[in-house]
$ cat entry.pdb   # PDB, C-alpha atoms
ATOM      1  CA  MET A   1     -40.967 -76.986  88.687
ATOM      2  CA  SER A   2     -39.076 -78.973  91.320
ATOM      3  CA  GLY A   3     -35.475 -79.362  92.329
ATOM      4  CA  TYR A   4     -32.900 -78.421  94.914
ATOM      5  CA  VAL A   5     -29.946 -76.078  95.226
ATOM      6  CA  ILE A   6     -26.873 -75.954  97.456
ATOM      7  CA  GLY A   7     -25.298 -72.940  99.121
ATOM      8  CA  THR A   8     -21.933 -73.228 100.855
ATOM      9  CA  ASP A   9     -20.235 -70.557 102.973
ATOM     10  CA  LEU A  10     -16.525 -71.391 102.935
ATOM     11  CA  GLY A  11     -14.749 -69.549 105.720
ATOM     12  CA  GLY A  12     -11.293 -69.663 107.185
ATOM     13  CA  THR A  13     -12.460 -71.802 110.115
ATOM     14  CA  LYS A  14     -15.803 -73.338 109.111
ATOM     15  CA  ILE A  15     -17.738 -74.685 106.145
ATOM     16  CA  LEU A  16     -21.493 -74.086 106.421
ATOM     17  CA  THR A  17     -23.574 -75.798 103.749
ATOM     18  CA  ALA A  18     -27.332 -75.535 103.206
ATOM     19  CA  LEU A  19     -29.726 -77.471 101.002
ATOM     20  CA  ALA A  20     -32.736 -75.483  99.787
ATOM     21  CA  ASP A  21     -35.678 -76.103  97.516
ATOM     22  CA  ILE A  22     -36.459 -73.861  94.561
ATOM     23  CA  ASN A  23     -38.667 -71.678  96.759
ATOM     24  CA  GLY A  24     -35.588 -70.766  98.765
ATOM     25  CA  THR A  25     -36.688 -72.728 101.827
ATOM     26  CA  VAL A  26     -33.678 -74.156 103.633
ATOM     27  CA  LEU A  27     -34.327 -77.820 104.349
ATOM     28  CA  ALA A  28     -31.132 -78.740 106.179
ATOM     29  CA  GLU A  29     -27.739 -77.323 107.119
ATOM     30  CA  LEU A  30     -24.384 -78.851 107.998
ATOM     31  CA  ARG A  31     -21.378 -77.198 109.634
ATOM     32  CA  GLN A  32     -17.864 -78.598 109.829
ATOM     33  CA  PRO A  33     -14.313 -77.276 110.308
ATOM     34  CA  THR A  34     -12.546 -75.999 107.203
ATOM     35  CA  GLY A  35      -9.133 -77.436 107.955
ATOM     36  CA  ALA A  36      -7.600 -74.855 105.630
ATOM     37  CA  GLY A  37      -4.086 -75.850 106.684
ATOM     38  CA  GLU A  38      -4.551 -79.208 104.961
ATOM     39  CA  GLY A  39      -4.694 -77.546 101.547
ATOM     40  CA  PRO A  40      -7.329 -76.880  98.856
ATOM     41  CA  GLU A  41      -7.858 -80.479  97.768
ATOM     42  CA  ARG A  42      -8.871 -81.628 101.232
ATOM     43  CA  VAL A  43     -11.104 -78.565 101.779
ATOM     44  CA  ILE A  44     -12.878 -79.164  98.476
ATOM     45  CA  GLU A  45     -13.355 -82.796  99.481
ATOM     46  CA  ARG A  46     -15.080 -81.603 102.651
ATOM     47  CA  ILE A  47     -17.398 -79.363 100.617
ATOM     48  CA  VAL A  48     -18.385 -82.317  98.418
ATOM     49  CA  ASP A  49     -18.842 -84.541 101.482
ATOM     50  CA  SER A  50     -21.123 -81.914 103.065
ATOM     51  CA  ILE A  51     -23.272 -81.687  99.945
ATOM     52  CA  THR A  52     -23.514 -85.466  99.650
ATOM     53  CA  ALA A  53     -24.465 -85.798 103.321
ATOM     54  CA  LEU A  54     -27.261 -83.227 102.992
ATOM     55  CA  GLN A  55     -28.624 -84.873  99.851
ATOM     56  CA  HIS A  56     -28.701 -88.201 101.671
ATOM     57  CA  LYS A  57     -30.279 -86.690 104.793
ATOM     58  CA  CYS A  58     -33.085 -85.050 102.812
ATOM     59  CA  GLY A  59     -33.583 -87.905 100.378
ATOM     60  CA  VAL A  60     -32.647 -85.874  97.312
ATOM     61  CA  PRO A  61     -32.475 -88.293  94.388
ATOM     62  CA  PRO A  62     -29.659 -88.260  91.803
ATOM     63  CA  GLY A  63     -30.303 -85.583  89.189
ATOM     64  CA  ALA A  64     -32.549 -83.467  91.441
ATOM     65  CA  LEU A  65     -29.709 -81.114  92.439
ATOM     66  CA  MET A  66     -29.857 -78.205  89.995
ATOM     67  CA  ALA A  67     -26.819 -76.102  90.922
ATOM     68  CA  ALA A  68     -24.561 -75.010  93.772
ATOM     69  CA  ALA A  69     -22.839 -71.824  94.908
ATOM     70  CA  VAL A  70     -19.797 -71.427  97.130
ATOM     71  CA  VAL A  71     -18.967 -68.112  98.769
ATOM     72  CA  VAL A  72     -15.312 -67.486  99.519
ATOM     73  CA  PRO A  73     -13.374 -64.830 101.423
ATOM     74  CA  GLY A  74     -11.368 -62.675  99.021
ATOM     75  CA  PRO A  75      -9.733 -60.408  98.283
ATOM     76  CA  GLU A  76      -8.912 -61.677  94.776
ATOM     77  CA  LEU A  77     -11.628 -63.722  93.090
ATOM     78  CA  ASP A  78     -12.654 -64.176  89.470
ATOM     79  CA  THR A  79     -16.319 -64.995  89.929
ATOM     80  CA  GLY A  80     -16.879 -65.564  86.211
ATOM     81  CA  GLN A  81     -14.176 -68.195  85.871
ATOM     82  CA  GLY A  82     -14.609 -69.334  89.451
ATOM     83  CA  ILE A  83     -10.940 -68.959  90.337
ATOM     84  CA  VAL A  84      -9.730 -68.029  93.806
ATOM     85  CA  HIS A  85      -6.614 -66.073  92.867
ATOM     86  CA  PHE A  86      -5.843 -65.209  96.484
ATOM     87  CA  SER A  87      -7.605 -65.725  99.806
ATOM     88  CA  ASN A  88      -5.539 -64.900 102.872
ATOM     89  CA  ASN A  89      -8.126 -66.521 105.176
ATOM     90  CA  LEU A  90      -7.747 -69.825 103.359
ATOM     91  CA  GLY A  91      -4.118 -69.518 102.288
ATOM     92  CA  TRP A  92      -5.167 -70.227  98.684
ATOM     93  CA  ARG A  93      -3.621 -69.002  95.466
ATOM     94  CA  ASN A  94      -4.978 -69.671  91.964
ATOM     95  CA  VAL A  95      -7.418 -72.431  92.942
ATOM     96  CA  GLU A  96      -9.866 -73.318  90.139
ATOM     97  CA  LEU A  97     -12.687 -73.960  92.568
ATOM     98  CA  LYS A  98     -15.553 -73.786  90.070
ATOM     99  CA  LYS A  99     -13.926 -76.187  87.609
ATOM    100  CA  VAL A 100     -13.084 -78.774  90.263
ATOM    101  CA  LEU A 101     -16.518 -78.677  91.898
ATOM    102  CA  GLN A 102     -18.403 -78.830  88.597
ATOM    103  CA  ASN A 103     -16.407 -81.923  87.654
ATOM    104  CA  ARG A 104     -17.234 -83.519  90.995
ATOM    105  CA  LEU A 105     -20.891 -82.512  91.273
ATOM    106  CA  GLN A 106     -21.878 -82.509  87.596
ATOM    107  CA  VAL A 107     -24.048 -79.406  88.055
ATOM    108  CA  PRO A 108     -23.431 -75.681  87.453
ATOM    109  CA  VAL A 109     -21.400 -74.076  90.240
ATOM    110  CA  TYR A 110     -21.210 -70.354  91.033
ATOM    111  CA  ILE A 111     -18.465 -68.676  93.062
ATOM    112  CA  GLU A 112     -18.978 -65.414  94.950
ATOM    113  CA  ASN A 113     -17.213 -63.141  97.419
ATOM    114  CA  ASP A 114     -18.433 -63.787 100.963
ATOM    115  CA  ALA A 115     -19.436 -60.200 101.740
ATOM    116  CA  ASN A 116     -21.334 -59.898  98.449
ATOM    117  CA  ALA A 117     -23.183 -63.110  99.239
ATOM    118  CA  ALA A 118     -24.041 -61.878 102.737
ATOM    119  CA  ALA A 119     -25.420 -58.696 101.164
ATOM    120  CA  LEU A 120     -27.587 -60.778  98.845
ATOM    121  CA  GLY A 121     -28.702 -62.960 101.750
ATOM    122  CA  GLU A 122     -29.829 -59.906 103.721
ATOM    123  CA  HIS A 123     -31.512 -58.525 100.596
ATOM    124  CA  ILE A 124     -33.540 -61.674  99.858
ATOM    125  CA  TYR A 125     -34.110 -63.154 103.323
ATOM    126  CA  GLY A 126     -33.204 -60.546 105.911
ATOM    127  CA  ALA A 127     -33.252 -56.846 106.713
ATOM    128  CA  GLY A 128     -33.360 -55.824 103.054
ATOM    129  CA  ASP A 129     -36.380 -57.912 102.091
ATOM    130  CA  GLY A 130     -38.473 -55.902  99.634
ATOM    131  CA  ILE A 131     -35.739 -53.281  99.016
ATOM    132  CA  GLN A 132     -34.148 -53.265  95.552
ATOM    133  CA  ASP A 133     -31.124 -51.083  96.372
ATOM    134  CA  MET A 134     -29.044 -51.410  99.543
ATOM    135  CA  VAL A 135     -25.542 -51.518 100.968
ATOM    136  CA  TYR A 136     -24.452 -54.188 103.426
ATOM    137  CA  ILE A 137     -21.504 -53.623 105.778
ATOM    138  CA  THR A 138     -20.045 -56.251 108.077
ATOM    139  CA  VAL A 139     -17.921 -54.996 110.972
ATOM    140  CA  SER A 140     -16.029 -57.900 112.461
ATOM    141  CA  THR A 141     -12.356 -58.909 112.545
ATOM    142  CA  GLY A 142     -12.172 -56.854 109.360
ATOM    143  CA  ILE A 143     -14.720 -54.734 107.526
ATOM    144  CA  GLY A 144     -16.341 -55.901 104.307
ATOM    145  CA  GLY A 145     -19.378 -54.998 102.310
ATOM    146  CA  GLY A 146     -21.629 -55.623  99.378
ATOM    147  CA  ILE A 147     -23.706 -53.383  97.137
ATOM    148  CA  ILE A 148     -27.100 -54.451  95.803
ATOM    149  CA  ILE A 149     -28.507 -52.488  92.858
ATOM    150  CA  ASN A 150     -31.828 -53.431  91.276
ATOM    151  CA  GLY A 151     -31.821 -56.597  93.340
ATOM    152  CA  ARG A 152     -28.453 -57.802  92.030
ATOM    153  CA  ILE A 153     -24.921 -57.800  93.379
ATOM    154  CA  TYR A 154     -22.876 -54.957  91.921
ATOM    155  CA  ARG A 155     -19.378 -56.379  91.387
ATOM    156  CA  GLY A 156     -17.612 -53.686  89.374
ATOM    157  CA  VAL A 157     -15.523 -54.207  86.254
ATOM    158  CA  SER A 158     -12.983 -56.489  87.969
ATOM    159  CA  ASP A 159     -15.040 -58.027  90.795
ATOM    160  CA  GLY A 160     -13.639 -55.424  93.174
ATOM    161  CA  ALA A 161     -16.722 -53.428  94.147
ATOM    162  CA  GLY A 162     -17.841 -53.313  97.760
ATOM    163  CA  GLU A 163     -14.419 -53.135  99.443
ATOM    164  CA  ILE A 164     -15.911 -50.713 101.943
ATOM    165  CA  GLY A 165     -13.341 -51.480 104.607
ATOM    166  CA  HIS A 166     -10.588 -50.100 102.430
ATOM    167  CA  MET A 167     -11.843 -46.607 101.771
ATOM    168  CA  THR A 168      -9.399 -44.103 103.238
ATOM    169  CA  ILE A 169     -10.762 -42.286 106.286
ATOM    170  CA  MET A 170      -7.542 -40.889 107.762
ATOM    171  CA  PRO A 171      -4.757 -40.184 105.221
ATOM    172  CA  ASP A 172      -2.002 -40.501 107.843
ATOM    173  CA  GLY A 173      -3.734 -43.127 109.942
ATOM    174  CA  PRO A 174      -2.635 -46.559 111.147
ATOM    175  CA  PRO A 175      -1.473 -49.204 108.660
ATOM    176  CA  CYS A 176      -4.027 -51.608 107.200
ATOM    177  CA  THR A 177      -3.514 -55.240 106.224
ATOM    178  CA  CYS A 178      -4.172 -54.264 102.602
ATOM    179  CA  GLY A 179      -0.985 -52.174 102.516
ATOM    180  CA  ASN A 180      -2.697 -48.789 102.678
ATOM    181  CA  VAL A 181      -2.927 -46.574 105.763
ATOM    182  CA  GLY A 182      -5.948 -45.022 107.446
ATOM    183  CA  CYS A 183      -8.505 -47.428 105.962
ATOM    184  CA  LEU A 184     -11.891 -47.782 107.619
ATOM    185  CA  GLU A 185     -10.890 -51.336 108.574
ATOM    186  CA  ALA A 186      -7.743 -50.049 110.292
ATOM    187  CA  LEU A 187      -9.849 -47.660 112.385
ATOM    188  CA  ALA A 188     -13.180 -49.339 113.133
ATOM    189  CA  SER A 189     -12.839 -53.123 112.859
ATOM    190  CA  GLY A 190     -12.668 -55.480 115.806
ATOM    191  CA  THR A 191      -8.945 -55.824 115.172
ATOM    192  CA  ALA A 192      -8.508 -52.031 115.215
ATOM    193  CA  ILE A 193     -10.448 -51.698 118.464
ATOM    194  CA  ALA A 194      -8.339 -54.404 120.111
ATOM    195  CA  ARG A 195      -5.137 -52.796 118.836
ATOM    196  CA  ALA A 196      -6.136 -49.438 120.315
ATOM    197  CA  ALA A 197      -6.857 -51.108 123.644
ATOM    198  CA  LEU A 198      -3.484 -52.857 123.717
ATOM    199  CA  GLU A 199      -1.762 -49.559 122.953
ATOM    200  CA  LEU A 200      -3.645 -48.023 125.873
ATOM    201  CA  ILE A 201      -2.517 -50.851 128.165
ATOM    202  CA  GLU A 202       1.097 -50.438 127.051
ATOM    203  CA  GLU A 203       0.834 -46.806 128.157
ATOM    204  CA  GLY A 204      -0.272 -47.880 131.642
ATOM    205  CA  GLY A 205      -4.062 -47.588 131.249
ATOM    206  CA  GLY A 206      -6.868 -49.954 130.338
ATOM    207  CA  GLU A 207      -7.466 -51.531 133.741
ATOM    208  CA  ALA A 208     -11.205 -51.915 133.084
ATOM    209  CA  VAL A 209     -10.534 -53.522 129.698
ATOM    210  CA  ILE A 210      -8.143 -56.057 131.234
ATOM    211  CA  LYS A 211     -10.746 -56.837 133.896
ATOM    212  CA  ALA A 212     -13.396 -57.339 131.183
ATOM    213  CA  ALA A 213     -10.976 -59.750 129.497
ATOM    214  CA  GLY A 214     -10.834 -61.888 132.623
ATOM    215  CA  GLY A 215      -7.545 -60.392 133.745
ATOM    216  CA  ASN A 216      -5.708 -61.870 130.762
ATOM    217  CA  ILE A 217      -4.116 -59.342 128.437
ATOM    218  CA  ASN A 218      -3.979 -62.011 125.731
ATOM    219  CA  GLU A 219      -7.788 -62.106 125.757
ATOM    220  CA  VAL A 220      -8.232 -58.382 125.114
ATOM    221  CA  ASP A 221     -10.482 -57.991 122.077
ATOM    222  CA  ALA A 222     -13.241 -55.719 120.817
ATOM    223  CA  ARG A 223     -15.803 -57.537 122.948
ATOM    224  CA  ALA A 224     -13.827 -56.795 126.114
ATOM    225  CA  VAL A 225     -13.475 -53.130 125.144
ATOM    226  CA  ALA A 226     -17.213 -52.900 124.504
ATOM    227  CA  ALA A 227     -17.993 -54.561 127.843
ATOM    228  CA  ALA A 228     -15.786 -52.064 129.672
ATOM    229  CA  ALA A 229     -17.421 -49.168 127.818
ATOM    230  CA  LEU A 230     -20.893 -50.453 128.680
ATOM    231  CA  ASN A 231     -19.820 -50.484 132.346
ATOM    232  CA  GLY A 232     -19.000 -46.799 132.072
ATOM    233  CA  ASP A 233     -15.218 -46.931 131.638
ATOM    234  CA  ALA A 234     -14.128 -43.653 130.059
ATOM    235  CA  GLU A 235     -10.961 -45.031 128.401
ATOM    236  CA  ALA A 236     -12.844 -47.815 126.678
ATOM    237  CA  GLY A 237     -15.526 -45.301 125.702
ATOM    238  CA  VAL A 238     -12.947 -43.160 123.918
ATOM    239  CA  ILE A 239     -11.799 -46.173 121.870
ATOM    240  CA  ILE A 240     -15.327 -47.176 120.926
ATOM    241  CA  ASN A 241     -16.284 -43.596 120.087
ATOM    242  CA  GLY A 242     -13.271 -43.283 117.791
ATOM    243  CA  ALA A 243     -14.234 -46.467 115.944
ATOM    244  CA  ALA A 244     -17.887 -45.398 115.756
ATOM    245  CA  ARG A 245     -16.925 -42.008 114.408
ATOM    246  CA  ALA A 246     -14.761 -43.574 111.692
ATOM    247  CA  LEU A 247     -17.610 -45.911 110.786
ATOM    248  CA  GLY A 248     -20.039 -42.986 110.629
ATOM    249  CA  ILE A 249     -17.690 -41.101 108.297
ATOM    250  CA  GLY A 250     -17.413 -44.160 106.071
ATOM    251  CA  ILE A 251     -21.177 -44.597 105.921
ATOM    252  CA  ALA A 252     -21.603 -40.893 105.161
ATOM    253  CA  ASN A 253     -19.208 -41.242 102.220
ATOM    254  CA  ILE A 254     -21.282 -44.137 100.887
ATOM    255  CA  VAL A 255     -24.518 -42.207 101.320
ATOM    256  CA  ASN A 256     -23.162 -39.147  99.510
ATOM    257  CA  VAL A 257     -21.870 -41.218  96.586
ATOM    258  CA  ILE A 258     -24.575 -43.877  96.149
ATOM    259  CA  ASN A 259     -27.633 -42.364  97.894
ATOM    260  CA  PRO A 260     -29.093 -45.758  98.900
ATOM    261  CA  PRO A 261     -32.406 -46.133 100.714
ATOM    262  CA  LEU A 262     -30.999 -48.737 103.092
ATOM    263  CA  ILE A 263     -27.732 -49.584 104.815
ATOM    264  CA  VAL A 264     -27.572 -52.855 106.758
ATOM    265  CA  LEU A 265     -24.911 -53.274 109.445
ATOM    266  CA  GLY A 266     -23.803 -56.746 110.509
ATOM    267  CA  GLY A 267     -20.805 -58.489 112.041
ATOM    268  CA  GLY A 268     -19.710 -59.251 115.568
ATOM    269  CA  VAL A 269     -18.727 -55.702 116.479
ATOM    270  CA  MET A 270     -22.266 -54.537 115.747
ATOM    271  CA  GLU A 271     -23.540 -56.765 118.550
ATOM    272  CA  SER A 272     -22.663 -53.723 120.684
ATOM    273  CA  ARG A 273     -24.552 -51.386 118.386
ATOM    274  CA  GLU A 274     -26.000 -49.343 121.267
ATOM    275  CA  LEU A 275     -22.477 -47.984 121.749
ATOM    276  CA  PHE A 276     -21.993 -47.175 118.071
ATOM    277  CA  TRP A 277     -25.346 -45.897 116.860
ATOM    278  CA  PRO A 278     -25.504 -42.436 118.515
ATOM    279  CA  VAL A 279     -21.994 -41.478 117.362
ATOM    280  CA  MET A 280     -22.599 -42.828 113.861
ATOM    281  CA  GLU A 281     -25.861 -40.949 113.553
ATOM    282  CA  ARG A 282     -24.181 -37.676 114.558
ATOM    283  CA  GLU A 283     -21.600 -38.154 111.811
ATOM    284  CA  LEU A 284     -24.344 -38.837 109.274
ATOM    285  CA  GLN A 285     -26.214 -35.716 110.320
ATOM    286  CA  ASP A 286     -23.059 -33.623 110.055
ATOM    287  CA  ARG A 287     -21.744 -35.025 106.764
ATOM    288  CA  CYS A 288     -24.673 -36.075 104.556
ATOM    289  CA  PHE A 289     -26.984 -33.961 102.468
ATOM    290  CA  LYS A 290     -30.330 -33.654 104.232
ATOM    291  CA  VAL A 291     -32.283 -34.799 101.199
ATOM    292  CA  GLN A 292     -30.329 -38.081 101.258
ATOM    293  CA  LEU A 293     -30.892 -38.629 104.962
ATOM    294  CA  LYS A 294     -34.609 -38.052 104.549
ATOM    295  CA  ASN A 295     -35.039 -41.339 102.675
ATOM    296  CA  LEU A 296     -32.262 -43.337 104.358
ATOM    297  CA  LYS A 297     -32.623 -46.155 106.867
ATOM    298  CA  VAL A 298     -29.659 -47.653 108.709
ATOM    299  CA  VAL A 299     -30.646 -50.943 110.331
ATOM    300  CA  PRO A 300     -28.979 -53.954 111.997
ATOM    301  CA  ALA A 301     -28.559 -57.150 110.003
ATOM    302  CA  ALA A 302     -31.131 -59.865 110.573
ATOM    303  CA  LEU A 303     -29.381 -63.079 109.558
ATOM    304  CA  SER A 304     -26.257 -63.130 111.746
ATOM    305  CA  THR A 305     -23.852 -65.924 110.721
ATOM    306  CA  ARG A 306     -26.339 -67.397 108.215
ATOM    307  CA  ALA A 307     -26.209 -64.432 105.833
ATOM    308  CA  GLY A 308     -23.461 -65.950 103.688
ATOM    309  CA  VAL A 309     -24.956 -69.393 103.233
ATOM    310  CA  LEU A 310     -28.435 -67.991 102.536
ATOM    311  CA  GLY A 311     -26.875 -65.548 100.089
ATOM    312  CA  ALA A 312     -25.189 -68.461  98.339
ATOM    313  CA  ALA A 313     -28.527 -70.230  97.952
ATOM    314  CA  ALA A 314     -30.127 -67.005  96.689
ATOM    315  CA  LEU A 315     -27.293 -66.581  94.177
ATOM    316  CA  VAL A 316     -28.062 -69.988  92.675
ATOM    317  CA  LEU A 317     -31.763 -69.212  92.438
ATOM    318  CA  GLN A 318     -31.047 -65.864  90.774
ATOM    319  CA  ASN A 319     -28.740 -67.447  88.242
ATOM    320  CA  LEU A 320     -31.367 -70.070  87.487
ATOM    321  CA  GLU A 321     -33.860 -67.171  87.178
ATOM    322  CA  ILE A 322     -36.070 -68.711  89.856
ATOM    323  CA  CYS A 323     -35.991 -65.703  92.178
ATOM    324  CA  SER A 324     -35.378 -62.000  91.602
TER     325      SER A 324
END

$ encode --input "entry.pdb" --output "structure tokens"
Amino acid sequence: MSGYVIGTDLGGTKILTALADINGTVLAELRQPTGAGEGPERVIERIVDSITALQHKCGVPPGALMAAAVVVPGPELDTGQGIVHFSNNLGWRNVELKKVLQNRLQVPVYIENDANAAALGEHIYGAGDGIQDMVYITVSTGIGGGIIINGRIYRGVSDGAGEIGHMTIMPDGPPCTCGNVGCLEALASGTAIARAALELIEEGGGEAVIKAAGGNINEVDARAVAAAALNGDAEAGVIINGAARALGIGIANIVNVINPPLIVLGGGVMESRELFWPVMERELQDRCFKVQLKNLKVVPAALSTRAGVLGAAALVLQNLEICS
């Protein structure tokens, strides 16, 4: 059997498209700006242009493309119908992405949540290779996740499963962008870490954080806080420890409910994992049943920014029943 598949990771700032063969080998990739402010029609045109360019580059003849998948930031997707009901990163509402792309490409098109696709990418190609059940968590600007059960994405009854960043950790905690308060995302994301640092600066502290940000308060972010903490700054350390503790509590909740053998941690904030791991592990030891910890591994993600696009390609191959 021969043929090719397309995986596209559609983000708020970039479109990353990959062409793969039916063995899952990526033959070529293409990255370009999303230009989300220009509206859905122009973004979809860029997706089609990317696919066409990769086919031409790799000499894929007409009819050899078997299917495509596009992964999209949520929160409100109908993966079955392929409708993006709402994506705040893209500014989209009620976009029939699957229908439009299938009409343009004349092949089956699958739509998936970006965190779910990243989970599948890590499962097939990355840190979860060979593991049938796992949970993927990305800690970045926000916190997202995906659950893999028996090698497949678990979506829930309304495509809402895996919203790990929106479990409540602190009932009276800071407000979250979802409208709730005290969510894991509001306590442990890159945005939450930066917010805590800015609050510290407003109170007259945070000199080391400002220095790590090049002296520019407008450049204070989670990376600057982590850099200050790594240099031994106690104030930055308190912020990081608070985020790490919240993350550990969230992971412990997942472990106690799902009892997975593997949790994979990705995202930009986890680039400073040496700051997070000891605190997280203490929370797991304190909050999880010992029998669950005995068979649990918590590991860093392996695919970095390519998890989504590789997950998209894997999604196509699964739907075509070419890979498990």

$ closest_residue --input "entry.pdb" --among "A:Asn116, A:Gln102, A:Thr177, A:Thr305" --to "Ile15 (chain A)" --atoms "only C-alpha atoms"
A:Thr305

$ closest_residue --input "entry.pdb" --among "A:Leu247, A:Ile210, A:Leu275, A:Val5" --to "Gly232 (chain A)" --atoms "all atoms listed in the file"
A:Leu275

$ resolve_selection --input "entry.pdb" --expression "the PyMOL selection byres ((chain A and resi 296-303) around 9)" --output "CSV table (one decimal) with C-alpha atoms, in the frame of the given file"
chain,number,residue,atom,x,y,z
A,118,ALA,CA,-24.0,-61.9,102.7
A,121,GLY,CA,-28.7,-63.0,101.8
A,122,GLU,CA,-29.8,-59.9,103.7
A,125,TYR,CA,-34.1,-63.2,103.3
A,126,GLY,CA,-33.2,-60.5,105.9
A,127,ALA,CA,-33.3,-56.8,106.7
A,128,GLY,CA,-33.4,-55.8,103.1
A,136,TYR,CA,-24.5,-54.2,103.4
A,137,ILE,CA,-21.5,-53.6,105.8
A,138,THR,CA,-20.0,-56.3,108.1
A,255,VAL,CA,-24.5,-42.2,101.3
A,259,ASN,CA,-27.6,-42.4,97.9
A,260,PRO,CA,-29.1,-45.8,98.9
A,261,PRO,CA,-32.4,-46.1,100.7
A,262,LEU,CA,-31.0,-48.7,103.1
A,263,ILE,CA,-27.7,-49.6,104.8
A,264,VAL,CA,-27.6,-52.9,106.8
A,265,LEU,CA,-24.9,-53.3,109.4
A,266,GLY,CA,-23.8,-56.7,110.5
A,267,GLY,CA,-20.8,-58.5,112.0
A,270,MET,CA,-22.3,-54.5,115.7
A,271,GLU,CA,-23.5,-56.8,118.6
A,273,ARG,CA,-24.6,-51.4,118.4
A,292,GLN,CA,-30.3,-38.1,101.3
A,293,LEU,CA,-30.9,-38.6,105.0
A,294,LYS,CA,-34.6,-38.1,104.5
A,295,ASN,CA,-35.0,-41.3,102.7
A,304,SER,CA,-26.3,-63.1,111.7
A,305,THR,CA,-23.9,-65.9,110.7
A,306,ARG,CA,-26.3,-67.4,108.2
A,307,ALA,CA,-26.2,-64.4,105.8
A,308,GLY,CA,-23.5,-66.0,103.7
A,310,LEU,CA,-28.4,-68.0,102.5

$ closest_residue --input "entry.pdb" --among "A:Ile149, A:Pro62, A:Gly160, A:Ala246" --to "Gly182 (chain A)" --atoms "all atoms listed in the file"
A:Ala246

$ residues_around --input "entry.pdb" --residues "Arg282 (chain A)" --least-positions-apart "6" --cutoff "10 Å" --atoms "all atoms listed in the file" --output "mmCIF file with C-alpha atoms, in the coordinates of the input"
data_model
loop_
_atom_site.group_PDB
_atom_site.id
_atom_site.type_symbol
_atom_site.label_atom_id
_atom_site.label_comp_id
_atom_site.auth_asym_id
_atom_site.auth_seq_id
_atom_site.Cartn_x
_atom_site.Cartn_y
_atom_site.Cartn_z
ATOM 1 C CA ARG A 245 -16.925 -42.008 114.408
ATOM 2 C CA GLY A 248 -20.039 -42.986 110.629
ATOM 3 C CA ILE A 249 -17.690 -41.101 108.297
#

$ closest_residue --input "entry.pdb" --among "A:Val157, A:Gly7, A:Ile217, A:Ala226" --to "Ile201 (chain A)" --atoms "only C-alpha atoms"
A:Ile217

$ atom_distance --input "entry.pdb" --atom1 "CA of Ala64 (chain A)" --atom2 "CA of His123 (chain A)"
26.6 Å

$ atom_distance --input "entry.pdb" --atom1 "CA of Ile322 (chain A)" --atom2 "CA of Gln32 (chain A)"
28.8 Å

$ atom_distance --input "entry.pdb" --atom1 "CA of Gly146 (chain A)" --atom2 "CA of Pro171 (chain A)"
23.6 Å

$ residues_around --input "entry.pdb" --residues "Pro73 (chain A)" --least-positions-apart "6" --cutoff "10 Å" --atoms "only C-alpha atoms" --output "MDAnalysis selection string"
chainID A and resid 9:12 84 86:90 112:116 144

$ residues_around --input "entry.pdb" --residues "Thr79 (chain A)" --least-positions-apart "2" --cutoff "7 Å" --atoms "all atoms listed in the file" --output "PyMOL selection string"
chain A and resi 77+81-83+111-112

$ resolve_selection --input "entry.pdb" --expression "the PyMOL selection byres ((chain A and resi 198) around 12)" --output "number ranges by chain"
A: 191-197, 199-207, 209-210, 213, 216-222, 224-225, 235-236, 239

$ resolve_selection --input "entry.pdb" --expression "the PyMOL selection byres ((chain A and resi 313) around 8)" --output "ChimeraX atom specification"
/A:5-8,18-20,24,68-69,309-312,314-317

$ closest_residue --input "entry.pdb" --among "A:Gln55, A:Asn253, A:Leu230, A:Val291" --to "Glu274 (chain A)" --atoms "all atoms listed in the file"
A:Leu230

$ decode --input "entry.pdb" --residues "region 110-134 of chain A" --atoms "C-alpha atoms" --output "compact mmCIF listing (two decimals), in the first residue's frame"
# COMPACT_ATOMS: atom_id res chain seq x y z
CA TYR A 110 -10.12 15.26 10.22
CA ILE A 111 -10.23 18.06 12.80
CA GLU A 112 -8.79 17.71 16.31
CA ASN A 113 -8.06 19.77 19.40
CA ASP A 114 -4.40 20.82 19.49
CA ALA A 115 -3.63 19.40 22.94
CA ASN A 116 -5.26 16.07 22.06
CA ALA A 117 -3.18 15.90 18.90
CA ALA A 118 0.00 16.69 20.83
CA ALA A 119 -0.87 13.86 23.22
CA LEU A 120 -1.28 11.49 20.28
CA GLY A 121 1.98 12.72 18.76
CA GLU A 122 3.86 11.98 21.99
CA HIS A 123 2.11 8.61 22.22
CA ILE A 124 3.04 7.48 18.69
CA TYR A 125 6.36 9.24 18.08
CA GLY A 126 7.64 10.58 21.38
CA ALA A 127 7.87 9.92 25.10
CA GLY A 128 4.83 7.64 25.11
CA ASP A 129 6.02 5.29 22.37
CA GLY A 130 4.97 1.76 23.30
CA ILE A 131 2.59 2.90 26.09
CA GLN A 132 -1.13 2.37 25.48
CA ASP A 133 -2.44 4.62 28.28
CA MET A 134 -1.01 8.04 29.13
